[in-house]
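Pasting protein-v9.pdb here (PDB, C-alpha atoms):
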ATOM      1  CA  MET A   1      20.187   1.654   3.329
ATOM      2  CA  ARG A   2      19.546   4.738   5.413
ATOM      3  CA  ASN A   3      20.367   4.988   9.083
ATOM      4  CA  ILE A   4      17.101   3.932  10.736
ATOM      5  CA  SER A   5      17.544   6.602  13.408
ATOM      6  CA  THR A   6      17.044   9.344  10.817
ATOM      7  CA  TYR A   7      14.558  10.382   8.153
ATOM      8  CA  HIS A   8      15.410  11.340   4.605
ATOM      9  CA  ALA A   9      15.091  14.932   3.390
ATOM     10  CA  GLY A  10      11.595  14.490   1.960
ATOM     11  CA  GLU A  11      10.195  13.127   5.218
ATOM     12  CA  LEU A  12      11.887  15.901   7.201
ATOM     13  CA  THR A  13      10.441  18.538   4.867
ATOM     14  CA  VAL A  14       6.865  17.281   5.249
ATOM     15  CA  GLN A  15       7.266  16.833   9.013
ATOM     16  CA  ALA A  16       8.462  20.429   9.287
ATOM     17  CA  GLN A  17       5.611  21.794   7.194
ATOM     18  CA  ALA A  18       3.137  19.825   9.334
ATOM     19  CA  GLY A  19       4.868  21.002  12.524
ATOM     20  CA  VAL A  20       5.469  17.513  13.964
ATOM     21  CA  GLN A  21       9.265  17.213  13.984
ATOM     22  CA  THR A  22       9.439  16.429  17.712
ATOM     23  CA  GLU A  23       6.751  13.739  17.551
ATOM     24  CA  ALA A  24       8.366  12.159  14.503
ATOM     25  CA  ALA A  25      11.809  12.082  16.116
ATOM     26  CA  HIS A  26      10.457   9.991  18.982
ATOM     27  CA  LEU A  27       9.111   7.362  16.586
ATOM     28  CA  THR A  28      12.402   6.319  15.010
ATOM     29  CA  LYS A  29      12.909   3.827  17.835
ATOM     30  CA  ILE A  30      10.074   1.612  16.529
ATOM     31  CA  ILE A  31      11.938   0.961  13.259
ATOM     32  CA  GLY A  32      14.355  -1.958  13.193
ATOM     33  CA  ALA A  33      16.075  -4.021  10.536
ATOM     34  CA  SER A  34      15.268  -7.382  12.137
ATOM     35  CA  ILE A  35      12.017  -9.308  12.579
ATOM     36  CA  ASN A  36      11.296  -9.625  16.292
ATOM     37  CA  PRO A  37       9.303 -12.484  17.888
ATOM     38  CA  THR A  38       6.049 -10.458  17.867
ATOM     39  CA  ALA A  39       6.340  -9.827  14.142
ATOM     40  CA  ARG A  40       7.279 -13.460  13.523
ATOM     41  CA  ASP A  41       4.164 -14.672  15.364
ATOM     42  CA  PHE A  42       2.004 -12.216  13.434
ATOM     43  CA  LEU A  43       3.292 -13.394  10.053
ATOM     44  CA  ARG A  44       2.579 -17.072  10.771
ATOM     45  CA  THR A  45      -1.173 -16.612  10.260
ATOM     46  CA  GLN A  46      -1.382 -13.880   7.621
ATOM     47  CA  ARG A  47      -2.800 -14.269   4.121
ATOM     48  CA  LEU A  48      -2.825 -10.739   2.670
ATOM     49  CA  ALA A  49       0.026  -8.442   1.689
ATOM     50  CA  ILE A  50       0.616  -5.477  -0.589
ATOM     51  CA  ALA A  51       3.920  -5.093  -2.434
ATOM     52  CA  SER A  52       5.465  -1.832  -3.615
ATOM     53  CA  THR A  53       7.894  -2.191  -6.527
ATOM     54  CA  ILE A  54       9.429  -0.070  -9.280
ATOM     55  CA  ASP A  55       9.612  -1.125 -12.926
ATOM     56  CA  LYS A  56      12.578  -0.434 -15.200
ATOM     57  CA  HIS A  57      11.005   2.824 -16.381
ATOM     58  CA  GLY A  58      10.724   4.149 -12.833
ATOM     59  CA  LYS A  59       6.978   3.548 -12.524
ATOM     60  CA  VAL A  60       5.789   2.529  -9.068
ATOM     61  CA  TRP A  61       3.213  -0.247  -8.618
ATOM     62  CA  ALA A  62       1.130  -1.466  -5.678
ATOM     63  CA  SER A  63       0.389  -5.179  -6.101
ATOM     64  CA  LEU A  64      -1.818  -7.650  -4.251
ATOM     65  CA  LEU A  65      -0.165 -10.768  -2.829
ATOM     66  CA  THR A  66      -2.164 -13.529  -1.135
ATOM     67  CA  GLY A  67      -1.378 -17.050  -0.063
ATOM     68  CA  LYS A  68      -1.811 -19.762   2.500
ATOM     69  CA  PRO A  69      -1.428 -18.837   6.205
ATOM     70  CA  GLY A  70       2.179 -17.835   6.755
ATOM     71  CA  PHE A  71       2.947 -17.341   3.053
ATOM     72  CA  VAL A  72       5.310 -14.591   4.224
ATOM     73  CA  GLN A  73       7.772 -16.875   5.975
ATOM     74  CA  VAL A  74      10.551 -15.752   8.285
ATOM     75  CA  VAL A  75      13.755 -17.607   7.403
ATOM     76  CA  ALA A  76      16.161 -15.534   9.489
ATOM     77  CA  GLU A  77      16.097 -12.349  11.542
ATOM     78  CA  GLN A  78      16.603 -10.242   8.414
ATOM     79  CA  PHE A  79      15.335 -12.567   5.701
ATOM     80  CA  VAL A  80      11.811 -13.517   4.604
ATOM     81  CA  GLN A  81      10.426 -15.537   1.714
ATOM     82  CA  VAL A  82       7.091 -14.723   0.095
ATOM     83  CA  GLN A  83       5.385 -17.622  -1.659
ATOM     84  CA  ALA A  84       2.186 -16.090  -2.994
ATOM     85  CA  THR A  85      -0.444 -18.294  -4.634
ATOM     86  CA  CYS A  86      -2.190 -15.238  -6.103
ATOM     87  CA  GLY A  87      -0.589 -12.035  -7.218
ATOM     88  CA  LYS A  88       1.924 -10.832  -9.784
ATOM     89  CA  ILE A  89       4.255  -7.878  -9.655
ATOM     90  CA  PRO A  90       3.581  -5.861 -12.845
ATOM     91  CA  ASN A  91       6.208  -4.104 -14.871
ATOM     92  CA  SER A  92       6.460  -2.666 -18.324
ATOM     93  CA  ASP A  93       7.639  -5.794 -20.134
ATOM     94  CA  PHE A  94       6.978  -8.411 -17.452
ATOM     95  CA  THR A  95      10.691  -8.729 -16.804
ATOM     96  CA  ILE A  96      12.310  -7.334 -13.675
ATOM     97  CA  PRO A  97      15.918  -7.210 -12.520
ATOM     98  CA  ASN A  98      17.352  -9.838 -10.201
ATOM     99  CA  SER A  99      17.499  -7.487  -7.221
ATOM    100  CA  ILE A 100      14.838  -4.835  -6.634
ATOM    101  CA  ASP A 101      13.691  -2.459  -3.945
ATOM    102  CA  ILE A 102      10.500  -3.721  -2.340
ATOM    103  CA  GLY A 103       8.108  -2.554   0.329
ATOM    104  CA  ILE A 104       5.645  -5.060   1.782
ATOM    105  CA  LEU A 105       2.610  -4.244   3.912
ATOM    106  CA  VAL A 106       1.197  -7.326   5.637
ATOM    107  CA  ILE A 107      -2.261  -6.502   6.966
ATOM    108  CA  ASP A 108      -4.868  -8.334   9.034
ATOM    109  CA  LEU A 109      -8.156  -6.594   8.317
ATOM    110  CA  ALA A 110     -10.023  -8.461  11.061
ATOM    111  CA  THR A 111      -7.758  -7.178  13.839
ATOM    112  CA  ARG A 112      -6.550  -3.938  12.210
ATOM    113  CA  ARG A 113      -2.910  -4.987  12.646
ATOM    114  CA  ARG A 114      -0.367  -4.172   9.955
ATOM    115  CA  LEU A 115       3.351  -4.734   9.580
ATOM    116  CA  ARG A 116       5.709  -2.986   7.168
ATOM    117  CA  ILE A 117       8.696  -4.867   5.758
ATOM    118  CA  ASN A 118      11.002  -2.878   3.459
ATOM    119  CA  GLY A 119      14.204  -4.097   1.866
ATOM    120  CA  LYS A 120      15.869  -5.671  -1.154
ATOM    121  CA  ALA A 121      14.200  -8.508  -3.032
ATOM    122  CA  GLU A 122      15.100 -11.213  -5.513
ATOM    123  CA  LEU A 123      12.381 -12.752  -7.672
ATOM    124  CA  LYS A 124      12.981 -16.472  -8.169
ATOM    125  CA  GLN A 125      11.916 -18.482 -11.222
ATOM    126  CA  ASN A 126       9.260 -20.329  -9.215
ATOM    127  CA  GLY A 127       7.635 -17.005  -8.302
ATOM    128  CA  ARG A 128       9.040 -16.888  -4.769
ATOM    129  CA  ILE A 129      10.212 -13.497  -3.540
ATOM    130  CA  ASP A 130      13.262 -13.475  -1.247
ATOM    131  CA  VAL A 131      13.567 -10.312   0.831
ATOM    132  CA  GLN A 132      16.541  -9.041   2.808
ATOM    133  CA  THR A 133      14.887  -6.765   5.363
ATOM    134  CA  GLN A 134      16.114  -3.253   6.108
ATOM    135  CA  GLN A 135      13.127  -1.678   7.889
ATOM    136  CA  VAL A 136      10.503  -3.604   9.892
ATOM    137  CA  TYR A 137       7.831  -2.019  12.062
ATOM    138  CA  PHE A 138       4.164  -2.192  13.068
ATOM    139  CA  ASN A 139       1.772   0.657  12.248
ATOM    140  CA  CYS A 140      -1.202   2.025  14.159
ATOM    141  CA  PRO A 141      -4.722   0.701  13.367
ATOM    142  CA  LYS A 142      -6.200   4.050  12.307
ATOM    143  CA  TYR A 143      -8.652   4.179   9.380
ATOM    144  CA  ILE A 144      -8.724   0.402   8.830
ATOM    145  CA  GLN A 145     -12.236  -0.941   8.245
ATOM    146  CA  THR A 146     -12.582  -4.434   9.680
ATOM    147  CA  ARG A 147     -13.218  -7.301   7.301
ATOM    148  CA  ASP A 148     -13.353 -11.019   7.980
ATOM    149  CA  LEU A 149     -11.853 -13.512   5.583
ATOM    150  CA  VAL A 150     -14.541 -15.890   4.311
ATOM    151  CA  ALA A 151     -14.200 -19.230   2.578
ATOM    152  CA  GLU A 152     -12.258 -19.214  -0.653
ATOM    153  CA  SER A 153     -14.256 -18.755  -3.812
ATOM    154  CA  ASP A 154     -15.796 -21.697  -5.612
ATOM    155  CA  ARG A 155     -14.264 -20.118  -8.707
ATOM    156  CA  GLN A 156     -10.762 -21.253  -7.781
ATOM    157  CA  THR A 157     -10.232 -22.413 -11.354
ATOM    158  CA  ALA A 158     -11.149 -18.987 -12.761
ATOM    159  CA  ILE A 159      -8.188 -17.570 -14.621
ATOM    160  CA  PRO A 160      -7.211 -13.987 -13.792
ATOM    161  CA  GLU A 161      -7.681 -11.660 -16.747
ATOM    162  CA  VAL A 162      -5.773  -8.384 -16.986
ATOM    163  CA  TYR A 163      -7.055  -5.349 -18.886
ATOM    164  CA  SER A 164      -4.819  -2.334 -19.536
ATOM    165  CA  TYR A 165      -5.968   1.280 -19.954
ATOM    166  CA  THR A 166      -4.453   4.744 -20.102
ATOM    167  CA  ALA A 167      -7.436   6.337 -18.330
ATOM    168  CA  LEU A 168     -10.230   5.303 -15.980
ATOM    169  CA  THR A 169     -13.440   3.940 -17.451
ATOM    170  CA  PRO A 170     -16.764   5.144 -15.976
ATOM    171  CA  ALA A 171     -17.129   1.824 -14.116
ATOM    172  CA  GLN A 172     -13.637   2.163 -12.651
ATOM    173  CA  GLN A 173     -14.379   5.719 -11.571
ATOM    174  CA  GLN A 174     -17.461   4.481  -9.744
ATOM    175  CA  TRP A 175     -15.401   1.702  -8.121
ATOM    176  CA  ILE A 176     -12.979   4.286  -6.732
ATOM    177  CA  THR A 177     -15.623   6.712  -5.446
ATOM    178  CA  GLN A 178     -17.392   3.875  -3.611
ATOM    179  CA  ALA A 179     -14.188   2.552  -2.011
ATOM    180  CA  ASP A 180     -13.496   2.848   1.718
ATOM    181  CA  THR A 181      -9.951   1.467   1.445
ATOM    182  CA  PHE A 182      -6.987   1.545  -0.888
ATOM    183  CA  PHE A 183      -3.264   0.884  -0.737
ATOM    184  CA  ILE A 184      -0.479   3.192  -1.855
ATOM    185  CA  ALA A 185       3.055   2.419  -3.019
ATOM    186  CA  SER A 186       5.831   5.005  -3.009
ATOM    187  CA  PHE A 187       9.591   5.109  -3.507
ATOM    188  CA  HIS A 188      12.683   7.079  -2.568
ATOM    189  CA  PRO A 189      15.957   6.625  -4.482
ATOM    190  CA  GLN A 190      18.031   6.284  -1.295
ATOM    191  CA  SER A 191      15.539   4.726   1.127
ATOM    192  CA  GLY A 192      13.757   2.306  -1.208
ATOM    193  CA  ALA A 193      10.149   1.236  -1.680
ATOM    194  CA  ASP A 194       7.264   1.479   0.775
ATOM    195  CA  ALA A 195       3.657   0.242   0.857
ATOM    196  CA  SER A 196       0.957   1.786   3.023
ATOM    197  CA  HIS A 197      -2.803   1.831   3.662
ATOM    198  CA  ARG A 198      -5.427   4.554   3.373
ATOM    199  CA  GLY A 199      -9.024   4.396   4.561
ATOM    200  CA  GLY A 200     -12.134   6.486   5.141
ATOM    201  CA  TYR A 201     -15.838   6.514   4.446
ATOM    202  CA  PRO A 202     -16.927   5.804   0.851
ATOM    203  CA  GLY A 203     -16.377   8.933  -1.193
ATOM    204  CA  PHE A 204     -13.179   9.986   0.593
ATOM    205  CA  VAL A 205     -11.382   9.523  -2.732
ATOM    206  CA  GLN A 206     -12.696  11.936  -5.346
ATOM    207  CA  VAL A 207     -12.303  11.339  -9.082
ATOM    208  CA  LEU A 208     -11.674  14.669 -10.812
ATOM    209  CA  ASN A 209     -11.665  13.231 -14.331
ATOM    210  CA  ALA A 210     -10.564  10.093 -16.181
ATOM    211  CA  THR A 211      -6.879  10.648 -15.377
ATOM    212  CA  GLU A 212      -6.933  12.561 -12.082
ATOM    213  CA  LEU A 213      -8.112  11.906  -8.545
ATOM    214  CA  VAL A 214      -7.567  13.429  -5.139
ATOM    215  CA  PHE A 215      -7.736  12.063  -1.607
ATOM    216  CA  PRO A 216      -7.352  13.510   1.904
ATOM    217  CA  ASP A 217      -4.448  12.855   4.221
ATOM    218  CA  TYR A 218      -5.727  12.496   7.775
ATOM    219  CA  THR A 219      -3.818  12.747  11.043
ATOM    220  CA  GLY A 220      -1.497   9.740  11.243
ATOM    221  CA  ASN A 221       1.672   8.613  12.944
ATOM    222  CA  ASN A 222       3.587  11.785  11.953
ATOM    223  CA  MET A 223       6.405   9.857  10.261
ATOM    224  CA  PHE A 224       5.199  10.771   6.753
ATOM    225  CA  ASN A 225       6.956   7.909   4.992
ATOM    226  CA  THR A 226       4.592   8.028   2.013
ATOM    227  CA  LEU A 227       4.284  11.808   1.689
ATOM    228  CA  GLY A 228       8.007  12.221   2.320
ATOM    229  CA  ASN A 229       8.705   9.908  -0.594
ATOM    230  CA  ILE A 230       6.246  11.798  -2.815
ATOM    231  CA  ALA A 231       7.916  15.099  -1.919
ATOM    232  CA  GLN A 232      11.107  13.910  -3.598
ATOM    233  CA  TYR A 233       9.943  11.218  -6.040
ATOM    234  CA  ALA A 234       6.510  11.873  -7.467
ATOM    235  CA  GLN A 235       5.896   8.403  -8.929
ATOM    236  CA  ILE A 236       3.331   6.372  -6.968
ATOM    237  CA  GLY A 237       1.075   3.341  -7.349
ATOM    238  CA  LEU A 238      -2.436   2.791  -5.998
ATOM    239  CA  LEU A 239      -4.305  -0.481  -5.493
ATOM    240  CA  PHE A 240      -8.065  -0.785  -5.041
ATOM    241  CA  LEU A 241      -9.313  -4.234  -4.036
ATOM    242  CA  ASP A 242     -12.844  -5.539  -4.542
ATOM    243  CA  PHE A 243     -12.931  -7.444  -1.270
ATOM    244  CA  ALA A 244     -16.180  -9.248  -2.062
ATOM    245  CA  CYS A 245     -15.179 -10.546  -5.506
ATOM    246  CA  GLY A 246     -11.381 -10.639  -5.535
ATOM    247  CA  HIS A 247     -10.864  -8.184  -8.422
ATOM    248  CA  THR A 248      -8.141  -5.510  -8.352
ATOM    249  CA  LEU A 249      -7.594  -2.077  -9.867
ATOM    250  CA  GLN A 250      -3.992  -0.850 -10.067
ATOM    251  CA  LEU A 251      -3.043   2.699 -10.989
ATOM    252  CA  THR A 252       0.411   4.109 -11.604
ATOM    253  CA  GLY A 253       1.241   7.767 -12.081
ATOM    254  CA  THR A 254       2.527  10.853 -10.306
ATOM    255  CA  ALA A 255       1.363  12.660  -7.192
ATOM    256  CA  ASN A 256       1.750  16.019  -5.511
ATOM    257  CA  ILE A 257       0.891  17.194  -2.018
ATOM    258  CA  ILE A 258      -1.627  20.039  -1.693
ATOM    259  CA  TRP A 259      -1.349  22.405   1.273
ATOM    260  CA  ASP A 260      -3.861  24.983   0.027
ATOM    261  CA  THR A 261      -6.267  25.598   2.920
ATOM    262  CA  ASN A 262      -9.239  26.395   0.677
ATOM    263  CA  ARG A 263      -9.001  23.068  -1.127
ATOM    264  CA  ILE A 264      -8.280  21.156   2.083
ATOM    265  CA  ALA A 265     -11.417  22.616   3.695
ATOM    266  CA  GLN A 266     -13.530  20.747   1.144
ATOM    267  CA  PHE A 267     -12.552  17.426   2.815
ATOM    268  CA  ILE A 268     -13.758  16.824   6.364
ATOM    269  CA  GLY A 269     -10.866  15.950   8.669
ATOM    270  CA  ALA A 270      -8.155  16.466   6.060
ATOM    271  CA  GLU A 271      -4.775  17.856   7.085
ATOM    272  CA  ARG A 272      -3.462  17.826   3.514
ATOM    273  CA  LEU A 273      -4.531  16.472   0.119
ATOM    274  CA  VAL A 274      -2.763  14.262  -2.385
ATOM    275  CA  GLU A 275      -3.572  14.755  -6.053
ATOM    276  CA  VAL A 276      -2.775  11.928  -8.468
ATOM    277  CA  HIS A 277      -2.294  12.048 -12.236
ATOM    278  CA  ILE A 278      -2.822   8.579 -13.719
ATOM    279  CA  ASP A 279      -0.548   7.228 -16.468
ATOM    280  CA  ARG A 280      -1.734   3.633 -16.665
ATOM    281  CA  VAL A 281      -4.505   1.428 -15.283
ATOM    282  CA  LEU A 282      -4.511  -2.352 -14.836
ATOM    283  CA  GLU A 283      -7.790  -4.053 -13.943
ATOM    284  CA  THR A 284      -7.534  -7.736 -13.005
ATOM    285  CA  THR A 285     -10.608  -9.907 -12.647
ATOM    286  CA  ASN A 286     -10.293 -12.945 -10.340
ATOM    287  CA  ALA A 287      -6.977 -11.641  -9.016
ATOM    288  CA  THR A 288      -7.400 -13.726  -5.864
ATOM    289  CA  THR A 289      -9.686 -16.501  -4.709
ATOM    290  CA  LEU A 290      -9.828 -14.946  -1.235
ATOM    291  CA  HIS A 291     -12.891 -12.886  -0.326
ATOM    292  CA  TRP A 292     -13.651 -10.727   2.694
ATOM    293  CA  LYS A 293     -16.900  -9.778   4.424
ATOM    294  CA  PHE A 294     -17.270  -6.206   5.679
ATOM    295  CA  GLY A 295     -17.330  -5.739   9.458
ATOM    296  CA  GLU A 296     -17.336  -2.118  10.616
ATOM    297  CA  TYR A 297     -15.851   1.240   9.784
ATOM    298  CA  SER A 298     -12.904   2.572  11.723
ATOM    299  CA  PRO A 299     -13.907   4.809  14.638
ATOM    300  CA  TYR A 300     -11.158   7.208  13.471
ATOM    301  CA  ASN A 301     -12.805   7.948  10.126
ATOM    302  CA  PRO A 302     -13.689  11.670  10.019
ATOM    303  CA  LYS A 303     -17.462  12.130   9.949
TER     304      LYS A 303
END

Let me see whether you can do it: turn the structure in this file into structure tokens.
Amino acid sequence: MRNISTYHAGELTVQAQAGVQTEAAHLTKIIGASINPTARDFLRTQRLAIASTIDKHGKVWASLLTGKPGFVQVVAEQFVQVQATCGKIPNSDFTIPNSIDIGILVIDLATRRRLRINGKAELKQNGRIDVQTQQVYFNCPKYIQTRDLVAESDRQTAIPEVYSYTALTPAQQQWITQADTFFIASFHPQSGADASHRGGYPGFVQVLNATELVFPDYTGNNMFNTLGNIAQYAQIGLLFLDFACGHTLQLTGTANIIWDTNRIAQFIGAERLVEVHIDRVLETTNATTLHWKFGEYSPYNPK
């Protein structure tokens, strides 16, 4: 585990290139290893989380986890248990080691609150995930579109079906270009796994072809956890969620950060771009019985 008062070399490199070293240094104080009372109260009512994990081949995945209110349960100051009723952590052979790096983003779309929990996890035979926390902190509400959780689907008996691809189908490309939200998983060999959120108006993610896409990086909290990880470990995972129907689209591949001003100028409000090369696609129908109704776009979305 890294010293929480410092950033790793990748984060420092991106912070320096963006010119925000001073701002980033002041933010280390929000990161702790323990779950404070505010975070504990937040977790009691939450039903949606995104997990970042790494399979045995080094591929990074972003996975949807949902459950009953409080399915991410605080057992001790540095220990949580995740008992998801919907969601499966993918890996190459559907076997994962006993102890893995994990990043968990617990997000409340209705209130735009989100909590990051990073640490070491053990996957139990009953599907429960035990997590020893190493980094816990709240994030700002920027670029989160509000959505209200509606009643669970009448199709609760519908069995999730998983389809695997090596490139995006035309329908999947359309799904991505119409999305206003996605989640991103990244990893650093010393600091572990991390899950984060990205949002904007529909079309902010551009599909270049069946195996490549690009998206803008807007002004954020200046910590650059995700981009710092990418700078040193290019493997990432993306998750697109069909909020109305409960289907998911997971991509795994590699990413690189683009600082070219001519390309950046093509995206309104972008400070940088992230280009993704896709290695594998998993589409899951009926991934969750939970559905959300759209509320409003974030006032921070660049127009």

Minimum-distance residue to A:Asp41, chosen among A:Ser164, A:Gln132, A:Lys56, A:Val72 (using all atoms listed in the file):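 Among A:Ser164, A:Gln132, A:Lys56, A:Val72, it is A:Val72 that comes nearest to A:Asp41.
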
Pairwise distance for atom CA of A:Gly253 and atom CA of A:Ala171, rounded to one decimal in Å: 19.4 Å

Residues picked by the PyMOL selection byres ((chain A and resi 224-235) around 7) here, as a PyMOL selection string? chain A and resi 10-11+14-15+59-60+186-188+222-223+236+253-256

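For the pair atom CA of A:Gly199 and atom CA of A:Asp242, the interatomic distance is 14.0 Å.
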
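Using all atoms listed in the file for every distance, the candidate list A:Val80, A:Leu115, A:Ala185, A:Val207 yields A:Ala185 as the residue closest to A:Leu239.
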
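If you measure from each of A:Pro170, A:Gly192, A:Gly246, A:Pro202 to A:Glu152 using all atoms listed in the file, the closest one turns out to be A:Gly246.
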
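Those residues returned by the PyMOL selection byres ((chain A and resi 134-142) around 7) for this file are Met1, Ile30, Ile31, Gly32, Ala33, Ser34, Ile35, Arg112, Arg113, Arg114, Leu115, Arg116, Ile117, Asn118, Gly119, Gln132, Thr133, Tyr143, Ile144, Ser298 and Tyr300 of chain A.
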
Those same residues - C-alpha atoms - I'd like them written as a short mmCIF file (atom, residue, chain, number, x, y, z; two decimals), keeping the file's coordinate frame.
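Once written, again_20.cif looks like this:
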data_model
loop_
_atom_site.label_atom_id
_atom_site.label_comp_id
_atom_site.auth_asym_id
_atom_site.auth_seq_id
_atom_site.Cartn_x
_atom_site.Cartn_y
_atom_site.Cartn_z
CA MET A 1 20.19 1.65 3.33
CA ILE A 30 10.07 1.61 16.53
CA ILE A 31 11.94 0.96 13.26
CA GLY A 32 14.36 -1.96 13.19
CA ALA A 33 16.08 -4.02 10.54
CA SER A 34 15.27 -7.38 12.14
CA ILE A 35 12.02 -9.31 12.58
CA ARG A 112 -6.55 -3.94 12.21
CA ARG A 113 -2.91 -4.99 12.65
CA ARG A 114 -0.37 -4.17 9.96
CA LEU A 115 3.35 -4.73 9.58
CA ARG A 116 5.71 -2.99 7.17
CA ILE A 117 8.70 -4.87 5.76
CA ASN A 118 11.00 -2.88 3.46
CA GLY A 119 14.20 -4.10 1.87
CA GLN A 132 16.54 -9.04 2.81
CA THR A 133 14.89 -6.76 5.36
CA TYR A 143 -8.65 4.18 9.38
CA ILE A 144 -8.72 0.40 8.83
CA SER A 298 -12.90 2.57 11.72
CA TYR A 300 -11.16 7.21 13.47
#

One decimal, in Å: what's the spacing between atom CA of A:Gln266 and atom CA of A:Arg280?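 So the answer is 27.4 Å.
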
Pick the closest to A:Gln73 from A:Phe182, A:Tyr201, A:Phe267, A:Phe42: which is it, counting all atoms listed in the file?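 Looking at the shortest contact to A:Gln73, the residue is A:Phe42.
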
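Each of A:Arg44, A:Lys29, A:His247, A:His57 was checked against A:Ile159 using only C-alpha atoms; the smallest atom-to-atom distance is that of A:His247.
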
Please reconstruct the missing atoms of stretch 48-54 of chain A (target: all heavy atoms) and return them as a PDB file, in the frame of the given file.
ATOM      1  N   LEU A  48      -2.667 -11.908   3.548  1.00  0.00           N
ATOM      2  CA  LEU A  48      -2.825 -10.739   2.670  1.00  0.00           C
ATOM      3  C   LEU A  48      -1.637  -9.801   2.819  1.00  0.00           C
ATOM      4  O   LEU A  48      -1.256  -9.446   3.934  1.00  0.00           O
ATOM      5  CB  LEU A  48      -4.122  -9.999   3.026  1.00  0.00           C
ATOM      6  CG  LEU A  48      -4.355  -8.619   2.391  1.00  0.00           C
ATOM      7  CD1 LEU A  48      -4.460  -8.721   0.881  1.00  0.00           C
ATOM      8  CD2 LEU A  48      -5.613  -7.980   2.974  1.00  0.00           C
ATOM      9  N   ALA A  49      -1.064  -9.408   1.681  1.00  0.00           N
ATOM     10  CA  ALA A  49       0.026  -8.442   1.689  1.00  0.00           C
ATOM     11  C   ALA A  49      -0.059  -7.579   0.439  1.00  0.00           C
ATOM     12  O   ALA A  49      -0.634  -7.976  -0.577  1.00  0.00           O
ATOM     13  CB  ALA A  49       1.381  -9.148   1.754  1.00  0.00           C
ATOM     14  N   ILE A  50       0.518  -6.396   0.538  1.00  0.00           N
ATOM     15  CA  ILE A  50       0.616  -5.477  -0.589  1.00  0.00           C
ATOM     16  C   ILE A  50       2.098  -5.218  -0.830  1.00  0.00           C
ATOM     17  O   ILE A  50       2.853  -4.927   0.104  1.00  0.00           O
ATOM     18  CB  ILE A  50      -0.088  -4.140  -0.294  1.00  0.00           C
ATOM     19  CG1 ILE A  50      -1.505  -4.370   0.245  1.00  0.00           C
ATOM     20  CG2 ILE A  50      -0.095  -3.265  -1.537  1.00  0.00           C
ATOM     21  CD1 ILE A  50      -2.412  -5.156  -0.655  1.00  0.00           C
ATOM     22  N   ALA A  51       2.522  -5.328  -2.096  1.00  0.00           N
ATOM     23  CA  ALA A  51       3.920  -5.093  -2.434  1.00  0.00           C
ATOM     24  C   ALA A  51       4.065  -3.791  -3.207  1.00  0.00           C
ATOM     25  O   ALA A  51       3.253  -3.473  -4.080  1.00  0.00           O
ATOM     26  CB  ALA A  51       4.467  -6.248  -3.266  1.00  0.00           C
ATOM     27  N   SER A  52       5.103  -3.040  -2.882  1.00  0.00           N
ATOM     28  CA  SER A  52       5.465  -1.832  -3.615  1.00  0.00           C
ATOM     29  C   SER A  52       6.754  -2.109  -4.373  1.00  0.00           C
ATOM     30  O   SER A  52       7.769  -2.470  -3.772  1.00  0.00           O
ATOM     31  CB  SER A  52       5.674  -0.663  -2.649  1.00  0.00           C
ATOM     32  OG  SER A  52       6.251   0.453  -3.306  1.00  0.00           O
ATOM     33  N   THR A  53       6.706  -1.965  -5.706  1.00  0.00           N
ATOM     34  CA  THR A  53       7.894  -2.191  -6.527  1.00  0.00           C
ATOM     35  C   THR A  53       8.000  -1.126  -7.618  1.00  0.00           C
ATOM     36  O   THR A  53       7.034  -0.416  -7.897  1.00  0.00           O
ATOM     37  CB  THR A  53       7.874  -3.584  -7.187  1.00  0.00           C
ATOM     38  OG1 THR A  53       6.657  -3.732  -7.936  1.00  0.00           O
ATOM     39  CG2 THR A  53       7.976  -4.689  -6.147  1.00  0.00           C
ATOM     40  N   ILE A  54       9.150  -1.067  -8.260  1.00  0.00           N
ATOM     41  CA  ILE A  54       9.429  -0.070  -9.280  1.00  0.00           C
ATOM     42  C   ILE A  54       9.850  -0.798 -10.548  1.00  0.00           C
ATOM     43  O   ILE A  54      10.722  -1.670 -10.509  1.00  0.00           O
ATOM     44  CB  ILE A  54      10.556   0.888  -8.820  1.00  0.00           C
ATOM     45  CG1 ILE A  54      10.171   1.569  -7.508  1.00  0.00           C
ATOM     46  CG2 ILE A  54      10.831   1.955  -9.875  1.00  0.00           C
ATOM     47  CD1 ILE A  54      10.540   0.789  -6.279  1.00  0.00           C
TER      48      ILE A  54
END
